[in-house]
$ cat target.txt   # compact mmCIF, C-alpha atoms
# COMPACT_ATOMS: atom_id res chain seq x y z
CA MET A 1 114.70 -13.78 -147.45
CA LYS A 2 114.12 -12.60 -151.01
CA ASN A 3 111.85 -15.60 -151.68
CA ASN A 4 109.71 -14.76 -148.66
CA GLN A 5 109.47 -11.14 -149.76
CA ARG A 6 108.54 -12.23 -153.29
CA GLU A 7 105.80 -14.51 -151.94
CA SER A 8 104.45 -11.72 -149.72
CA ASN A 9 104.38 -9.38 -152.72
CA LYS A 10 102.35 -11.92 -154.69
CA ILE A 11 99.82 -12.29 -151.86
CA TRP A 12 99.65 -8.49 -151.58
CA LEU A 13 98.99 -8.14 -155.34
CA ILE A 14 96.13 -10.66 -155.19
CA THR A 15 94.74 -9.01 -152.04
CA ARG A 16 94.86 -5.59 -153.68
CA ARG A 17 93.14 -6.87 -156.82
CA GLU A 18 90.33 -8.53 -154.85
CA TYR A 19 89.87 -5.46 -152.65
CA PHE A 20 89.70 -2.78 -155.35
CA THR A 21 87.61 -4.95 -157.68
CA ARG A 22 84.92 -5.26 -155.01
CA VAL A 23 84.95 -1.80 -153.38
CA ARG A 24 84.55 -0.15 -156.79
CA ASN A 25 81.48 -2.27 -157.43
CA LYS A 26 78.12 -0.47 -157.30
CA THR A 27 76.71 -3.27 -155.14
CA PHE A 28 79.29 -2.54 -152.44
CA LEU A 29 78.53 1.18 -152.45
CA LEU A 30 74.78 0.64 -152.33
CA SER A 31 74.95 -1.95 -149.53
CA THR A 32 77.37 0.19 -147.51
CA PHE A 33 75.31 3.36 -147.50
CA LEU A 34 71.78 2.01 -147.87
CA LEU A 35 71.92 -0.96 -145.48
CA PRO A 36 72.26 1.15 -142.27
CA LEU A 37 69.40 3.35 -143.47
CA MET A 38 67.29 0.27 -144.22
CA ILE A 39 68.04 -1.17 -140.77
CA ILE A 40 67.03 2.10 -139.07
CA LEU A 41 63.83 2.29 -141.14
CA PHE A 42 63.07 -1.37 -140.40
CA ILE A 43 63.51 -0.87 -136.63
CA ALA A 44 61.45 2.33 -136.67
CA GLY A 45 58.76 0.66 -138.76
CA SER A 46 58.65 -2.35 -136.44
CA VAL A 47 58.22 -0.09 -133.42
CA ILE A 48 55.44 1.91 -135.12
CA VAL A 49 53.64 -1.25 -136.25
CA SER A 50 53.97 -2.82 -132.79
CA ILE A 51 52.46 0.30 -131.18
CA GLN A 52 49.76 1.14 -133.70
CA GLY A 53 49.02 -2.40 -134.81
CA LYS A 54 48.44 -3.77 -131.31
CA SER A 55 45.05 -5.49 -131.11
CA ARG A 56 42.37 -4.15 -128.76
CA HIS A 57 40.27 -6.92 -127.24
CA ARG A 58 36.77 -6.61 -125.83
CA ILE A 59 36.19 -9.39 -123.31
CA ALA A 60 32.77 -10.20 -121.86
CA VAL A 61 32.88 -11.21 -118.19
CA VAL A 62 30.42 -13.64 -116.59
CA ASP A 63 31.19 -13.25 -112.89
CA ALA A 64 29.49 -15.47 -110.30
CA ASN A 65 31.29 -13.67 -107.46
CA GLY A 66 30.02 -10.18 -108.14
CA TYR A 67 33.16 -8.24 -107.23
CA PHE A 68 35.41 -8.39 -110.30
CA LYS A 69 33.61 -5.39 -111.81
CA ASP A 70 35.18 -3.22 -109.11
CA TYR A 71 38.75 -4.40 -109.80
CA LEU A 72 39.11 -5.25 -113.49
CA LYS A 73 39.85 -1.92 -115.16
CA SER A 74 39.70 -1.43 -118.94
CA ASP A 75 42.53 0.25 -120.83
CA SER A 76 43.82 0.73 -124.39
CA SER A 77 44.50 -2.99 -124.91
CA ILE A 78 41.62 -4.73 -123.09
CA ILE A 79 38.03 -3.63 -122.46
CA PHE A 80 36.06 -5.69 -119.91
CA ASP A 81 32.31 -5.84 -120.62
CA PHE A 82 30.15 -6.79 -117.62
CA ALA A 83 26.80 -6.44 -119.44
CA ALA A 84 24.26 -8.89 -118.04
CA ASP A 85 22.89 -9.85 -121.47
CA VAL A 86 26.27 -11.13 -122.78
CA ASP A 87 26.95 -14.86 -122.36
CA THR A 88 28.90 -17.73 -123.94
CA LEU A 89 26.40 -18.03 -126.80
CA ASN A 90 26.10 -14.46 -128.03
CA TYR A 91 29.39 -12.80 -127.01
CA GLU A 92 30.63 -12.67 -130.60
CA LYS A 93 27.41 -11.03 -131.81
CA LYS A 94 27.78 -8.42 -129.07
CA GLY A 95 31.18 -7.42 -130.50
CA CYS A 96 33.36 -9.24 -127.95
CA THR A 97 36.57 -11.07 -128.78
CA ALA A 98 36.19 -13.59 -125.94
CA VAL A 99 34.13 -14.38 -122.88
CA LEU A 100 35.63 -14.85 -119.40
CA ILE A 101 33.68 -17.25 -117.18
CA ILE A 102 34.57 -16.90 -113.49
CA PRO A 103 32.74 -19.33 -111.14
CA LEU A 104 32.51 -18.90 -107.38
CA LEU A 105 36.04 -18.79 -105.95
CA PRO A 106 36.04 -20.27 -102.43
CA GLU A 107 39.12 -19.58 -100.29
CA ASN A 108 41.78 -22.25 -99.71
CA GLN A 109 40.72 -24.08 -102.87
CA LYS A 110 42.06 -23.96 -106.42
CA THR A 111 39.25 -23.17 -108.86
CA VAL A 112 39.48 -23.09 -112.65
CA TYR A 113 38.04 -20.13 -114.57
CA ARG A 114 37.68 -20.27 -118.35
CA LEU A 115 38.48 -17.96 -121.23
CA LYS A 116 36.42 -18.89 -124.29
CA TYR A 117 37.14 -17.52 -127.76
CA LYS A 118 37.00 -18.31 -131.45
CA LYS A 119 40.09 -16.29 -132.35
CA GLN A 120 43.04 -16.63 -129.97
CA LEU A 121 44.21 -13.59 -128.03
CA GLY A 122 47.83 -14.66 -128.37
CA LEU A 123 50.29 -15.53 -125.62
CA GLU A 124 50.74 -11.92 -124.46
CA GLY A 125 47.00 -11.21 -124.35
CA ALA A 126 46.12 -14.39 -122.44
CA SER A 127 48.95 -13.80 -119.97
CA ASP A 128 47.77 -10.21 -119.45
CA VAL A 129 44.24 -11.38 -118.61
CA GLU A 130 45.56 -13.96 -116.14
CA THR A 131 47.77 -11.34 -114.43
CA ARG A 132 44.80 -8.97 -114.06
CA ILE A 133 42.59 -11.71 -112.59
CA ASP A 134 45.27 -12.63 -110.01
CA LYS A 135 45.70 -8.95 -109.08
CA ALA A 136 41.92 -8.48 -108.75
CA ILE A 137 41.62 -11.48 -106.41
CA ALA A 138 44.49 -10.19 -104.27
CA ASP A 139 42.97 -6.68 -104.08
CA HIS A 140 39.59 -8.09 -103.11
CA MET A 141 41.10 -10.21 -100.33
CA VAL A 142 42.96 -7.16 -98.97
CA TYR A 143 39.71 -5.16 -99.05
CA GLU A 144 37.64 -7.93 -97.40
CA LYS A 145 40.12 -8.82 -94.64
CA THR A 146 41.20 -5.29 -93.72
CA SER A 147 39.51 -1.97 -93.12
CA ILE A 148 41.09 -0.34 -96.21
CA SER A 149 38.62 1.08 -98.69
CA ARG A 150 38.94 0.51 -102.41
CA ALA A 151 39.74 4.18 -103.00
CA ARG A 152 42.43 4.06 -100.33
CA LEU A 153 43.86 0.87 -101.84
CA ASP A 154 44.09 2.50 -105.28
CA SER A 155 45.73 5.58 -103.74
CA ILE A 156 48.33 3.42 -101.98
CA ARG A 157 49.17 1.61 -105.19
CA THR A 158 49.61 4.92 -107.04
CA SER A 159 51.72 6.58 -104.34
CA SER A 160 53.89 3.49 -103.74
CA ASP A 161 55.82 4.09 -106.97
CA ILE A 162 58.66 5.88 -105.15
CA ALA A 163 61.66 3.60 -105.84
CA GLU A 164 63.78 3.01 -108.95
CA MET A 165 66.56 0.45 -109.30
CA LYS A 166 69.86 1.37 -110.96
CA SER A 167 72.48 -1.21 -111.91
CA TYR A 168 76.19 -0.74 -111.22
CA GLU A 169 79.08 -2.95 -112.28
CA ASP A 170 81.37 -3.59 -109.31
CA ASN A 171 85.02 -3.11 -110.36
CA GLY A 172 86.51 -3.40 -106.91
CA LYS A 173 87.39 0.12 -105.76
CA THR A 174 85.07 1.72 -108.29
CA ALA A 175 81.56 1.05 -109.61
CA LYS A 176 80.31 1.91 -113.09
CA ALA A 177 76.68 2.51 -113.99
CA SER A 178 75.36 -0.14 -116.33
CA SER A 179 72.18 -0.78 -118.25
CA GLN A 180 70.80 -4.26 -118.78
CA GLY A 181 68.77 -3.03 -121.75
CA ALA A 182 71.78 -1.38 -123.41
CA SER A 183 73.99 -4.43 -122.80
CA THR A 184 71.36 -6.77 -124.23
CA ALA A 185 70.77 -4.58 -127.31
CA VAL A 186 74.50 -4.12 -128.03
CA GLY A 187 75.11 -7.86 -127.52
CA TRP A 188 72.34 -8.75 -129.96
CA ILE A 189 73.44 -6.25 -132.61
CA SER A 190 77.15 -7.16 -132.39
CA SER A 191 76.50 -10.90 -132.58
CA ILE A 192 74.02 -10.60 -135.44
CA LEU A 193 76.46 -8.43 -137.41
CA ILE A 194 79.26 -11.01 -137.03
CA TYR A 195 76.80 -13.79 -137.91
CA MET A 196 75.69 -11.98 -141.08
CA LEU A 197 79.13 -10.80 -142.17
CA THR A 198 80.65 -14.27 -141.65
CA PHE A 199 78.01 -15.80 -143.90
CA ILE A 200 78.08 -13.01 -146.50
CA TYR A 201 81.83 -12.73 -146.94
CA GLY A 202 82.54 -16.42 -146.36
CA ALA A 203 80.10 -17.29 -149.14
CA SER A 204 81.67 -14.54 -151.27
CA VAL A 205 85.08 -16.24 -150.92
CA MET A 206 83.58 -19.58 -151.94
CA ARG A 207 81.80 -18.10 -154.98
CA GLY A 208 84.96 -16.30 -156.08
CA VAL A 209 87.00 -19.51 -155.90
CA MET A 210 84.31 -21.47 -157.76
CA GLU A 211 84.10 -18.86 -160.54
CA GLU A 212 87.87 -18.86 -161.07
CA LYS A 213 87.91 -22.64 -161.13
CA THR A 214 84.96 -23.13 -163.52
CA ASN A 215 86.22 -20.38 -165.84
CA ARG A 216 89.72 -21.96 -165.85
CA ILE A 217 91.18 -18.67 -164.63
CA ALA A 218 92.76 -20.47 -161.68
CA GLU A 219 94.88 -22.59 -164.02
CA VAL A 220 96.44 -19.45 -165.49
CA ILE A 221 96.96 -17.78 -162.10
CA VAL A 222 98.59 -20.82 -160.42
CA SER A 223 101.17 -20.89 -163.18
CA SER A 224 102.55 -17.69 -161.63
CA VAL A 225 101.66 -18.06 -157.92
CA ARG A 226 101.30 -20.95 -155.53
CA PRO A 227 97.71 -22.11 -154.74
CA PHE A 228 98.15 -21.14 -151.07
CA GLN A 229 99.15 -17.59 -152.09
CA LEU A 230 96.09 -17.36 -154.33
CA MET A 231 93.79 -18.55 -151.50
CA MET A 232 95.29 -16.21 -148.89
CA GLY A 233 95.18 -13.23 -151.24
CA LYS A 234 91.50 -13.83 -151.93
CA ILE A 235 90.66 -14.31 -148.22
CA MET A 236 92.60 -11.20 -147.15
CA GLY A 237 91.19 -9.05 -149.96
CA ILE A 238 87.56 -9.93 -149.25
CA GLY A 239 88.19 -9.62 -145.50
CA ALA A 240 89.54 -6.10 -146.05
CA VAL A 241 86.33 -5.29 -147.95
CA GLY A 242 84.26 -6.44 -144.98
CA LEU A 243 86.42 -4.43 -142.56
CA THR A 244 86.10 -1.33 -144.75
CA GLN A 245 82.35 -1.70 -144.90
CA PHE A 246 82.06 -2.03 -141.12
CA LEU A 247 84.25 1.03 -140.47
CA LEU A 248 82.18 3.05 -142.93
CA TRP A 249 79.04 1.96 -141.06
CA VAL A 250 80.58 3.16 -137.78
CA VAL A 251 81.46 6.55 -139.29
CA LEU A 252 77.98 6.85 -140.85
CA LEU A 253 76.16 5.99 -137.62
CA PHE A 254 78.42 8.33 -135.65
CA GLY A 255 77.57 11.13 -138.10
CA LEU A 256 73.85 10.41 -137.81
CA ALA A 257 74.15 10.54 -133.99
CA ILE A 258 75.81 13.98 -134.19
CA VAL A 259 73.10 15.25 -136.54
CA ALA A 260 70.41 13.88 -134.18
CA GLN A 261 72.00 15.75 -131.25
CA MET A 262 72.08 18.99 -133.24
CA LEU A 263 68.35 18.69 -133.91
CA VAL A 264 67.53 18.58 -130.18
CA PRO A 265 66.49 22.10 -128.96
CA HIS A 266 68.80 23.95 -126.55
CA ASN A 267 66.22 24.13 -123.75
CA ILE A 268 65.84 20.34 -123.85
CA TRP A 269 69.61 19.92 -123.42
CA MET A 270 69.52 22.30 -120.44
CA GLN A 271 66.86 20.12 -118.82
CA VAL A 272 68.88 17.00 -119.57
CA GLN A 273 71.89 18.56 -117.81
CA GLN A 274 69.69 19.28 -114.79
CA LEU A 275 68.67 15.62 -114.71
CA GLN A 276 72.30 14.49 -114.96
CA GLN A 277 73.34 16.78 -112.09
CA ALA A 278 70.41 15.63 -109.94
CA ASN A 279 71.23 11.99 -110.69
CA ALA A 280 74.84 12.54 -109.60
CA MET A 281 73.57 13.99 -106.29
CA GLY A 282 71.04 11.18 -105.81
CA ASN A 283 68.09 13.55 -106.00
CA LEU A 284 66.61 12.71 -109.39
CA SER A 285 62.98 12.60 -108.25
CA SER A 286 63.01 16.28 -107.24
CA VAL A 287 63.62 17.56 -110.80
CA ARG A 288 60.59 18.33 -112.97
CA VAL A 289 61.28 18.40 -116.70
CA SER A 290 59.39 17.80 -119.93
CA ASP A 291 58.69 14.33 -121.33
CA ALA A 292 61.01 15.06 -124.28
CA ALA A 293 63.89 15.83 -121.90
CA GLN A 294 63.18 12.61 -120.00
CA LYS A 295 63.39 10.60 -123.22
CA VAL A 296 66.65 12.27 -124.32
CA TYR A 297 68.11 11.69 -120.84
CA GLN A 298 67.14 8.00 -120.95
CA ALA A 299 68.58 7.64 -124.48
CA SER A 300 71.88 9.29 -123.47
CA GLY A 301 72.14 7.04 -120.43
CA PHE A 302 71.40 4.05 -122.64
CA LEU A 303 74.21 4.97 -125.03
CA ASN A 304 76.75 5.91 -122.35
CA ALA A 305 76.39 2.70 -120.33
CA PRO A 306 78.45 0.24 -122.46
CA ASN A 307 82.25 0.40 -122.72
CA TRP A 308 82.29 1.34 -126.41
CA GLY A 309 86.09 1.35 -126.78
CA LEU A 310 86.45 -2.24 -125.56
CA ILE A 311 83.40 -3.37 -127.51
CA LEU A 312 84.73 -1.88 -130.77
CA VAL A 313 88.21 -3.42 -130.34
CA CYS A 314 86.77 -6.83 -129.46
CA PHE A 315 84.31 -6.64 -132.34
CA LEU A 316 87.10 -6.01 -134.85
CA PHE A 317 89.13 -8.88 -133.40
CA TYR A 318 86.27 -11.40 -133.35
CA PHE A 319 85.04 -10.33 -136.77
CA LEU A 320 88.48 -10.85 -138.32
CA GLY A 321 89.13 -14.02 -136.30
CA GLY A 322 85.76 -15.54 -137.13
CA TYR A 323 86.04 -14.51 -140.77
CA LEU A 324 89.50 -16.08 -141.16
CA PHE A 325 88.35 -19.21 -139.30
CA TYR A 326 85.37 -19.84 -141.57
CA SER A 327 86.39 -18.20 -144.86
CA ALA A 328 89.34 -20.60 -145.19
CA LEU A 329 86.87 -23.50 -144.95
CA PHE A 330 84.56 -21.82 -147.48
CA ALA A 331 87.54 -21.42 -149.82
CA ALA A 332 88.38 -25.11 -149.42
CA VAL A 333 84.82 -26.06 -150.37
CA GLY A 334 84.89 -23.70 -153.37
CA SER A 335 88.11 -25.28 -154.64
CA ALA A 336 86.71 -28.82 -154.35
CA VAL A 337 83.41 -28.43 -156.24
CA ASN A 338 82.71 -27.89 -159.90
CA GLU A 339 79.55 -26.27 -161.28
CA ASP A 340 77.11 -28.41 -159.25
CA VAL A 341 75.30 -26.11 -156.81
CA GLN A 342 73.82 -29.01 -154.83
CA GLU A 343 77.30 -30.44 -154.32
CA ALA A 344 78.46 -27.09 -152.93
CA GLN A 345 75.45 -26.90 -150.58
CA SER A 346 76.06 -30.40 -149.22
CA LEU A 347 79.72 -29.61 -148.55
CA MET A 348 78.78 -26.31 -146.91
CA LEU A 349 76.51 -27.97 -144.34
CA PRO A 350 79.29 -28.97 -141.87
CA ILE A 351 80.52 -25.33 -142.01
CA THR A 352 77.16 -23.58 -141.68
CA MET A 353 75.83 -25.78 -138.86
CA PRO A 354 78.37 -24.50 -136.25
CA ILE A 355 77.53 -20.91 -137.26
CA VAL A 356 73.79 -21.53 -136.86
CA PHE A 357 74.44 -23.34 -133.55
CA SER A 358 76.47 -20.34 -132.37
CA PHE A 359 73.55 -18.04 -133.18
CA PHE A 360 71.21 -20.27 -131.15
CA VAL A 361 73.58 -20.23 -128.16
CA MET A 362 73.89 -16.43 -128.51
CA THR A 363 70.14 -16.06 -127.91
CA ILE A 364 70.68 -17.87 -124.58
CA ALA A 365 73.86 -15.94 -123.75
CA VAL A 366 72.18 -12.51 -123.93
CA ARG A 367 69.66 -13.73 -121.32
CA ASP A 368 72.23 -15.47 -119.10
CA PRO A 369 75.73 -14.17 -120.02
CA GLY A 370 77.34 -15.87 -117.01
CA GLY A 371 75.83 -19.32 -117.59
CA GLN A 372 77.97 -22.39 -118.24
CA LEU A 373 76.74 -22.81 -121.84
CA ALA A 374 77.50 -19.16 -122.64
CA VAL A 375 80.95 -19.35 -121.00
CA TRP A 376 82.17 -22.46 -122.82
CA ALA A 377 80.61 -21.48 -126.15
CA SER A 378 82.41 -18.12 -125.93
CA ILE A 379 85.77 -19.91 -125.50
CA ILE A 380 85.48 -22.63 -128.17
CA PRO A 381 86.79 -21.19 -131.49
CA PHE A 382 83.93 -22.22 -133.80
CA SER A 383 81.34 -20.37 -131.66
CA SER A 384 83.36 -17.72 -129.77
CA PRO A 385 83.12 -14.90 -132.39
CA ILE A 386 79.33 -14.77 -132.09
CA VAL A 387 78.79 -15.82 -128.45
CA MET A 388 81.61 -13.81 -126.86
CA MET A 389 80.34 -10.61 -128.50
CA ALA A 390 76.98 -11.27 -126.83
CA ARG A 391 78.69 -11.40 -123.40
CA ILE A 392 81.25 -8.57 -123.58
CA PRO A 393 78.70 -5.68 -123.39
CA PHE A 394 77.60 -6.98 -119.97
CA GLY A 395 80.98 -6.08 -118.50
CA VAL A 396 84.68 -6.96 -118.48
CA PRO A 397 86.07 -8.14 -116.07
CA GLY A 398 82.72 -8.47 -114.23
CA THR A 399 80.62 -10.81 -116.36
CA VAL A 400 83.57 -11.82 -118.59
CA PRO A 401 86.80 -12.28 -116.57
CA TRP A 402 90.04 -11.32 -118.29
CA TRP A 403 91.24 -14.95 -118.33
CA GLN A 404 88.13 -16.04 -120.29
CA LEU A 405 88.58 -13.22 -122.81
CA GLY A 406 92.31 -13.95 -123.21
CA LEU A 407 91.79 -17.71 -123.55
CA SER A 408 88.99 -17.18 -126.07
CA MET A 409 91.20 -14.91 -128.20
CA ALA A 410 94.20 -17.26 -128.01
CA LEU A 411 92.13 -20.30 -129.03
CA LEU A 412 90.52 -18.36 -131.88
CA VAL A 413 93.95 -17.37 -133.22
CA ALA A 414 95.08 -21.02 -132.97
CA GLY A 415 91.82 -22.09 -134.60
CA PHE A 416 92.08 -19.90 -137.68
CA ILE A 417 95.78 -20.79 -138.10
CA PHE A 418 94.72 -24.44 -138.15
CA THR A 419 91.80 -23.94 -140.55
CA VAL A 420 93.95 -21.83 -142.91
CA TRP A 421 96.64 -24.53 -142.91
CA MET A 422 94.08 -27.31 -143.52
CA ALA A 423 92.22 -25.32 -146.19
CA GLY A 424 95.52 -24.54 -147.93
CA LYS A 425 96.27 -28.24 -148.37
CA ILE A 426 92.75 -28.92 -149.67
CA TYR A 427 92.88 -25.89 -151.95
CA ARG A 428 96.22 -26.97 -153.42
CA THR A 429 94.71 -30.23 -154.68
CA GLY A 430 91.12 -29.24 -155.37
CA ILE A 431 91.67 -26.08 -157.43
CA LEU A 432 93.14 -28.06 -160.34
CA MET A 433 90.83 -31.10 -160.11
CA TYR A 434 87.85 -31.36 -162.47
CA GLY A 435 85.10 -33.87 -163.15
CA LYS A 436 85.26 -35.74 -159.83
CA LYS A 437 82.61 -35.54 -157.12
CA VAL A 438 84.35 -34.69 -153.87
CA THR A 439 83.23 -35.55 -150.33
CA TRP A 440 84.51 -34.38 -146.95
CA LYS A 441 86.21 -37.77 -146.61
CA THR A 442 88.18 -37.06 -149.77
CA MET A 443 89.02 -33.55 -148.61
CA TRP A 444 90.19 -34.95 -145.26
CA LYS A 445 92.62 -37.20 -147.10
CA TRP A 446 93.93 -34.25 -149.10
CA ALA A 447 94.52 -32.31 -145.91
CA PHE A 448 96.13 -34.95 -143.68
CA LYS A 449 97.34 -37.79 -145.89
CA ALA A 450 98.63 -35.98 -148.97
$ encode --input "target.txt" --output "C-alpha cells"
Amino acid sequence: MKNNQRESNKIWLITRREYFTRVRNKTFLLSTFLLPLMIILFIAGSVIVSIQGKSRHRIAVVDANGYFKDYLKSDSSIIFDFAADVDTLNYEKKGCTAVLIIPLLPENQKTVYRLKYKKQLGLEGASDVETRIDKAIADHMVYEKTSISRARLDSIRTSSDIAEMKSYEDNGKTAKASSQGASTAVGWISSILIYMLTFIYGASVMRGVMEEKTNRIAEVIVSSVRPFQLMMGKIMGIGAVGLTQFLLWVVLLFGLAIVAQMLVPHNIWMQVQQLQQANAMGNLSSVRVSDAAQKVYQASGFLNAPNWGLILVCFLFYFLGGYLFYSALFAAVGSAVNEDVQEAQSLMLPITMPIVFSFFVMTIAVRDPGGQLAVWASIIPFSSPIVMMARIPFGVPGTVPWWQLGLSMALLVAGFIFTVWMAGKIYRTGILMYGKKVTWKTMWKWAFKA
C-alpha cells in the first residue's frame, strides 16, 4: 500500500513539474489568449474576402433561338451581354470573360451548347451558368405551351416562396428543433480541435522525451523513479496543459458571447422575442421586423440548436481519450530515437497516418453522419476521437444511438490502456539506449518479447 502511494506521489510530482513549467511559459499564454482571436479574425476575414472578392463575369451570348434574352437575367455575379456585334472572335476585346454559344434547341433532342473562354470561370461559375440555362429553357417551354405570360410567370415564381422547412429531432414522445448548419459547423470545429490538439500535444510529449534523453537528463531522473512513472507523469502533465487551454478557450468564448449580446440594442432584442413567440405559435411569417433582428434571431437559433452540455462532456472525454491513446505512442517514439530528426519522422509515420485518415473520414461523416463508414470509424479507437465528435452534434440518441456511443467510449478506454502499457515497455528500454538506430520491428520486440 505504501509502495503504491509512493509511486503515485512520484507520478504526481513529475506531472506537476511538467504542468507548471509549461503553463508559466509565455508561449502558452500567447497561444491561449491570441489563438481564439486569430481564429475569429481569420473566419471574419475569409467571409469578407469571399463576399467582396467574388468575381463578376460578363458573358457574351450568341443565341440562335432568339428567346434567351427574355429569360437570362443579369445580377451581381454574372452579366449577360446580347449585343449583336459580339462573337467568338472579339468577345475578349469587348470586355467579356466568356462567350456562350447556344445553337437551335429542337424539342425531344439533346443538343450541346458551348461556353468558350480563355480564363476559366471556376466550378461554381460554370455550374451557375448551366443552372440558369436549364431554368430559362424550362420557363420558355412553360410560356410556349401554356397561356401564361412572362410577367405572370415571374409573379408566380416570386409569390411561391411561402414555405420554409424546419428540422426536428424525433426523441419518441418529444421532438427537439435542430439545425443542420449548426450541427455541421459544431461537428467540424470539434473534430478539427481534437485533430490539432492531438498533434500539437502528442508531438510536445515526443519532443520533451527526446530532449531529456539527448541531454542525459533522463539518466538522472530514472535513478530516482521508474521509466513508466516518468512517462506517465510527462503524459499527464502535458495533457493537463491541453485541458487547461481548452477550458480557458471555452471561458473566453463564453465571455465574448456575453459581450456581443450586450452590444445588441434593446429594441432589436424586443423584436427577436416577438419572432420567438411567433415561431412557437407557428405564425412566424406574420411578424415584420428589421433585417438586424432577423439576423440575431437566426444566430440565436443556430446557437441554441445543439445539445451543448452533451457535446462539451463528450469533447472532454474524446480529447483526453484520444490524447492518451496517441501521446503514449509519441512518447515511445521519443524514447527510441536519438538526435536524428529523420529517424523520428520515419517512426512517427505509422502514428500520424491513422490521425490523417481519421480527419479524411470526418469530412465524410459531417455530410453523412449515419453512413456505415462514419459509424464504424466512430467506434474504432484510433479514429473515434475525431469521427465521433463529427457525429454527436447531429443528435444523440437519434443519429448516434446510445449503444454506439457507449461502445465507442469503452473501446477507446481499452485502447489507451493498451497503448500506454505497450509504450511503457518500449519506453523502459529505449530511454536508456543510445547510438542504435531503432525500427518499429525492434520496438515491437521490446514491447512483446522483452
$ closest_residue --input "target.txt" --among "A:Ala138, A:Ile431, A:Leu13, A:Ile78" --to "Glu107 (chain A)" --atoms "only C-alpha atoms"
A:Ala138
$ atom_distance --input "target.txt" --atom1 "CA of Gly322 (chain A)" --atom2 "CA of Val225 (chain A)"
26.3 Å
$ axis_aligned_box --input "target.txt" --around "region 63-80 of chain A" --padding-each-side "5 Å" --output "AutoDock Vina command-line options"
--center_x 37.0 --center_y -7.4 --center_z -116.1 --size_x 25.0 --size_y 26.2 --size_z 27.7
$ atom_distance --input "target.txt" --atom1 "CA of Ser155 (chain A)" --atom2 "CA of Lys73 (chain A)"
14.9 Å
$ atom_distance --input "target.txt" --atom1 "CA of Gly237 (chain A)" --atom2 "CA of Arg16 (chain A)"
6.3 Å
$ closest_residue --input "target.txt" --among "A:Arg17, A:Lys116, A:Lys449, A:Arg24" --to "Leu89 (chain A)" --atoms "only C-alpha atoms"
A:Lys116
$ residues_around --input "target.txt" --residues "Thr244 (chain A)" --least-positions-apart "6" --cutoff "12 Å" --atoms "only C-alpha atoms" --output "list in words"
Tyr19, Phe20, Arg22, Val23, Phe28, Leu29, Thr32, Gly237, Ile238, Val250, Val251, Leu316 and Leu320 of chain A
$ closest_residue --input "target.txt" --among "A:Arg226, A:Lys118, A:Lys10, A:Lys234" --to "Met206 (chain A)" --atoms "only C-alpha atoms"
A:Lys234
$ residues_near_point --input "target.txt" --point "(34.9, -19.0, -112.8)" --cutoff "12 Å" --atoms "all atoms listed in the file" --output "PyMOL selection string"
chain A and resi 61-66+68+99-106+110-116+133+137
$ residues_near_point --input "target.txt" --point "(87.2, -30.4, -147.2)" --cutoff "7 Å" --atoms "all atoms listed in the file" --output "MDAnalysis selection string"
chainID A and resid 332:333 426 440 443:444
$ closest_residue --input "target.txt" --among "A:Ala182, A:Ala328, A:Leu248, A:Leu121" --to "Phe33 (chain A)" --atoms "all atoms listed in the file"
A:Leu248
$ closest_residue --input "target.txt" --among "A:Met362, A:Val205, A:Met409, A:Leu373" --to "Leu230 (chain A)" --atoms "only C-alpha atoms"
A:Val205
$ closest_residue --input "target.txt" --among "A:Gly309, A:Gly122, A:Gly208, A:Gly202" --to "Ile351 (chain A)" --atoms "only C-alpha atoms"
A:Gly202
$ residues_around --input "target.txt" --residues "Ala336 (chain A)" --least-positions-apart "4" --cutoff "9 Å" --atoms "all atoms listed in the file" --output "ChimeraX atom specification"
/A:210,331-332,344,426-427,429-434,436-439,443
$ residues_around --input "target.txt" --residues "Asp139 (chain A)" --least-positions-apart "4" --cutoff "8 Å" --atoms "all atoms listed in the file" --output "list in words"
Tyr71, Lys135, Tyr143 and Leu153 of chain A
$ residues_around --input "target.txt" --residues "Leu72 (chain A)" --least-positions-apart "3" --cutoff "7 Å" --atoms "all atoms listed in the file" --output "count of residues only"
4
